[in-house]
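Here the structure is laid out as structure tokens; the discussion comes afterwards.
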Amino acid sequence: MMNKLIYILLAALLVACQDELNVPASGGGESDVAGRVLRFEVVVEDGSHSSRGQVLDVYDNYITRDFNPRDSFGMFIIDAEGKFVTEIDGHNALNIRVTTPDGVVWNINSDIKDIVHKLGYKYVAYYPYSETFNDCATVDDIRALFTPPAADQSTQPAIDWMYTEPTAPQVNAVTTLRFKHRYAKIDIYNSFTQDHQNSWASAYQYTRTVDNNGVEHYRYIVDAVTPQTLTVSGTYSIGNELTGIKQLSYRRDDVEIVNGRHAIVYTYRMDERCAVDLGLPSGVLWSPINLGAETASYMTDAELAAATTTIGRRLAWGELFDKDVYSYDTYINDPYQTSGTSILPADISETVYDPARQYWGGHWTLPTIADIQEFIDYTEIVSTETVYSEELRQDVNKITFRSIVNGNTITLISNGYMVNSTLNQPLYLHYLSASRAGTWSCTTMHNNPSMRTYTNDRYKGFGVRPVLKMRHIYKPAEKLDIVVRHINDLAVDMGVTKVVDGVTYKLLWSPFNYGADSKIDVTTLNHITLNEDDFIATCYTKPGSRFAWGDTVERAATEKFSFLTYADSYLFTKYNTNGSSTASRDLLPEDDIVHLHWPSGWYIPTAEDYQLLLNNVTITKETINTRTWFRLTSKINGNSILIPATSYIDKALNTEKWGTDAYLQSATMGPGKDNVTEDGVTVLKRTCYALNLSGTTGKIVGTVSRPTGIMIRPVRYVRVD
């Protein structure tokens with residue numbers, strides 16, 4: 001594992017003084033010497049060793065943190081008498097803040113432009129920077145402020161204290177600041193679908209999170225000045241009334257807690273980081289060994305390699321336990337006894353009937369038929385070797401596959417299948433999938449006469465090769481970030497310009513409604529990189545989000561567009577008049593959701609903007625995915641945008657609604673007001689202007705109620721010089 005080196009360039013002004021660095025002798029011992037650059041390396045100390053599944057080096061960016069953009073550390077200068085230098089050239093020199101804009105280059109945030117380096121001076125630093133350290137007078141004062149974590153450890157930088165020992169500058173060389181961690185971090189990953197008991201969850205202060213697969217993540221920050229060990233143990237159950245219920249236990253002894261180290265502990269049986277990445281498009285990773293080939297403790301690389309020829313558990317589809325006899329009489333779901341029906345789901349992955357999930361927990365699961373087919377499509381056989389199986393007491397085939405994507409290899413062992421008490425076809429692959437093929441059958445991986453998916457009876461006993469599926473669901477903020485980063489390049493020039501206070505602006509239009517990104521469900525496996533081009537392309541045919549006039553947060557599906565709540569809102573009081581002209585822009589930027597979340601220059605259009613657009617386009621209707629859309633094509637340059645016919649919602653929940661017309665909200669207040677009744681209560685209705693598309697025509701209407709839920713099509717103002 002390579003250390004991450006971060007270089008800091010600090011200017012050093014060498015003034016005339018008897019104890020300066022590298023000052024040539026001159027008359028009277030004084031010299032006018034030019035400034036010299038002193039270079040620093042900043043590293044996070046490497047641990048002495050690492051082992052799979054337990055202690056890892058704390059600087060590993062995948063599991064903890066390196067320095068990130070905008071991080072800062074504090075630095076003190078120690079003179080020859082061991083005291084902190086308090087002042088340089090009349091400027092404060094205590095707790096000098098050093099900040100990185102990008103995690104690589106560092107800059108001093110201080111009035112001090114040059115640092116005087118003298119013989120006997122040393123440097124001491126800590127991370128993260130805090131003004132709390134301003135009054136520190138000694139190194140011990142700094143370390144005394146490294147407070148232990150609170151009960152909520154969700155903010156990592158707040159408790160990830162790092163520090164250096166006093167470090168002397170090296171003449172004409174690199175001075176290395178070596179950061180060490182004050183505390184050790186422990187991650188305990190726990191996931192069992194049945195009852196679970198443990199003692200470690202209450203032993204420390206921790207942060208508990210649950211990921212999209214239901215895996216519990218416990219994170220502890222513990223004192224590590226004195227090395228110690230931690231034992232993690234507990235019990236859990238697998239199965240249900242159909243499969244039978246069994247209680248199992250786990251125990252992880254001697255988990256090292258050492259300063260500057262990070263421990264990862266899995267309470268389930270198989271370390272996820274051993275999964276083989278074949279570069280598959282889905283992101284699915286495959287286990288290097290069969291279910292049942294694992295040991296009770298973490299496995300080294302050598303142990304994993306030796307286990308590739310172990311056949312392990314042999315199970316019927318949907319069952320969890322090995323048997324002496326594999327027949328319909330012993331099967332949990334004999335379709336002949338259940339009138340030809342299946343009491344198990346068509347896909348048992350990640351369920352109580354999934355042996356990979358039950359035994360190994362975490363994100364392990366049975367492969368589906370699609371996973372097996374993907375494996376077949378993206379690998380090739382590079383060798384077949386005959387080996388002796390101690391389990392079967394006969395020869396079997398060890399088959400090595402190589403990915404045609406990234407060249408990584410994986411080995412499968414021929415295992416045959418059991419019928420009654422007889423082993424059939426031991427020289428061929430027969431691996432379970434999670435997919436049911438029919439009432440009596442399931443899908444397996446098979447290699448006779450070539451690699452393929454194969455249908456076989458569910459009651460027979462097959463081998464199991466788990467796969468790893470760590471699901472990542474993109475949150476609204478993450479999807480919005482993709483749109484924000486690309487939207488300026490996606491803006492459509494319809495050839496429309498507008499003059500405001502004597503300045504000419506080009507009006508560029510978004511290719512989709514605001515919030516189209518939030519209507520796209522995005523799930524990837526094992527954090528595989530999302531194809532942003534494909535994501536953006538999908539936005540073009542999504543309806544977008546509805547907003548009442550002035551809403552700055554998208555309403556949930558359980559919320560109504562209500563006149564009553566709007567009448568009680570600050571918006572009703574803030575904009576308590578009516579507009580007099582479609583040329584006015586009355587919605588202020590702080591109430592413009594586009595302005596708040598999209599790059600500079602993007603806004604909700606005014607009514608005048610929409611009118612200028614209508615004056616310069618032709619309108620046609622199209623059908624996309626059985627829905628009505630309007631295409632607005634520029635008469636000036638032929639460019640076009642699509643508007644979905646999503647109509648409007650009044651006094652109803654924010655559900656998806658399509659119709660034959662389209663309404664788009666403007667930032668301009670409407671001219672009228674009247675009364676409206678909702679739930680027996682009469683309130684004042686104020687309006688806003690909106691664009692209405694119907695058939696092949698469009699118009700600006702000023703009768704749309706401000707609480708009405710309609711779509712927004714953003715516009716960008718670009719000044720024309």
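Letters A, B, ... mark the chains of the structure tokens in the order given; residue numbers begin at 1 per chain; ligand numbers begin at 1, in order shown.
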
Mind checking which residues fall within 10 Å of range 224-228 of chain A, counting only C-alpha atoms, ignoring those fewer than 5 positions away in the same chain, and posting them as a ChimeraX atom specification? /A:181-185,254-261

Please identify all polymer residues within 6 Å of range 324-334 of chain A, counting only C-alpha atoms, omitting same-chain residues fewer than 2 positions from it, and present them as a PyMOL selection string. chain A and resi 336-337+419-421+459-460

I need the chosen residues saved as an mmCIF file, in the first residue's frame, with C-alpha atoms.
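New file again.cif:
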data_model
loop_
_atom_site.group_PDB
_atom_site.id
_atom_site.type_symbol
_atom_site.label_atom_id
_atom_site.label_comp_id
_atom_site.auth_asym_id
_atom_site.auth_seq_id
_atom_site.Cartn_x
_atom_site.Cartn_y
_atom_site.Cartn_z
ATOM 1 C CA TYR A 336 -46.970 -32.632 -6.456
ATOM 2 C CA GLN A 337 -48.188 -32.105 -2.897
ATOM 3 C CA VAL A 419 -30.448 -37.199 -6.862
ATOM 4 C CA ASN A 420 -31.610 -39.244 -3.899
ATOM 5 C CA SER A 421 -28.184 -40.340 -2.569
ATOM 6 C CA TYR A 459 -35.219 -30.810 -5.311
ATOM 7 C CA LYS A 460 -31.779 -31.946 -6.494
#

Separating CA of Asp592 in chain A from CA of Ala556 in chain A, to the nearest tenth of an Å, is a gap of 18.7 Å

For the structure I just gave you, how does DSSP split range 362-406 of chain A - specifically, which residues are alpha helix (DSSP H)? Reply as a list in words.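 The alpha helix (DSSP H) subset of range 362-406 of chain A is Ile369, Ala370, Asp371, Ile372, Gln373, Glu374, Phe375, Ile376 and Asp377 of chain A.
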
Write out as a tab-separated table the residues of range 458-553 of chain A that have any atom within 12 Å of an atom of range 357-361 of chain A, one row each with the nearest atom pair and its distance in Å to one decimal, counting only C-alpha atoms, sorted by chain and then rising number.
residue	atom	partner	partner_atom	distance
A:Val464	CA	A:Arg357	CA	11.5
A:Arg465	CA	A:Trp360	CA	11.6
A:Pro466	CA	A:Arg357	CA	8.6
A:Val467	CA	A:Arg357	CA	9.8
A:Leu468	CA	A:Arg357	CA	9.8
A:Lys469	CA	A:Arg357	CA	10.6
A:Met470	CA	A:Gly361	CA	11.7

Neighbour list for Glu385 in chain A as an MDAnalysis selection string, cut-off 12 Å, only C-alpha atoms, skip fewer than 3 positions in-chain: chainID A and resid 309 381:382 388 395:401 411:414 427

Write the residues of the selection above to a file with C-alpha atoms, as a CSV table (one decimal), in the first residue's frame.
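Output contents, as saved in result19.csv:
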chain,number,residue,atom,x,y,z
A,309,THR,CA,-11.0,-26.9,-5.0
A,381,ILE,CA,-12.0,-20.7,-20.3
A,382,VAL,CA,-8.2,-20.6,-20.2
A,388,TYR,CA,-8.6,-35.1,-6.9
A,395,ASP,CA,-11.3,-36.7,-9.8
A,396,VAL,CA,-13.0,-33.5,-10.7
A,397,ASN,CA,-12.3,-30.7,-13.1
A,398,LYS,CA,-10.8,-27.4,-12.0
A,399,ILE,CA,-11.8,-24.8,-14.6
A,400,THR,CA,-10.2,-21.4,-14.8
A,401,PHE,CA,-12.0,-18.5,-16.5
A,411,THR,CA,-11.8,-20.8,-10.8
A,412,LEU,CA,-14.9,-23.0,-10.6
A,413,ILE,CA,-14.8,-26.7,-9.6
A,414,SER,CA,-16.9,-29.4,-11.2
A,427,LEU,CA,-17.0,-33.8,-14.1
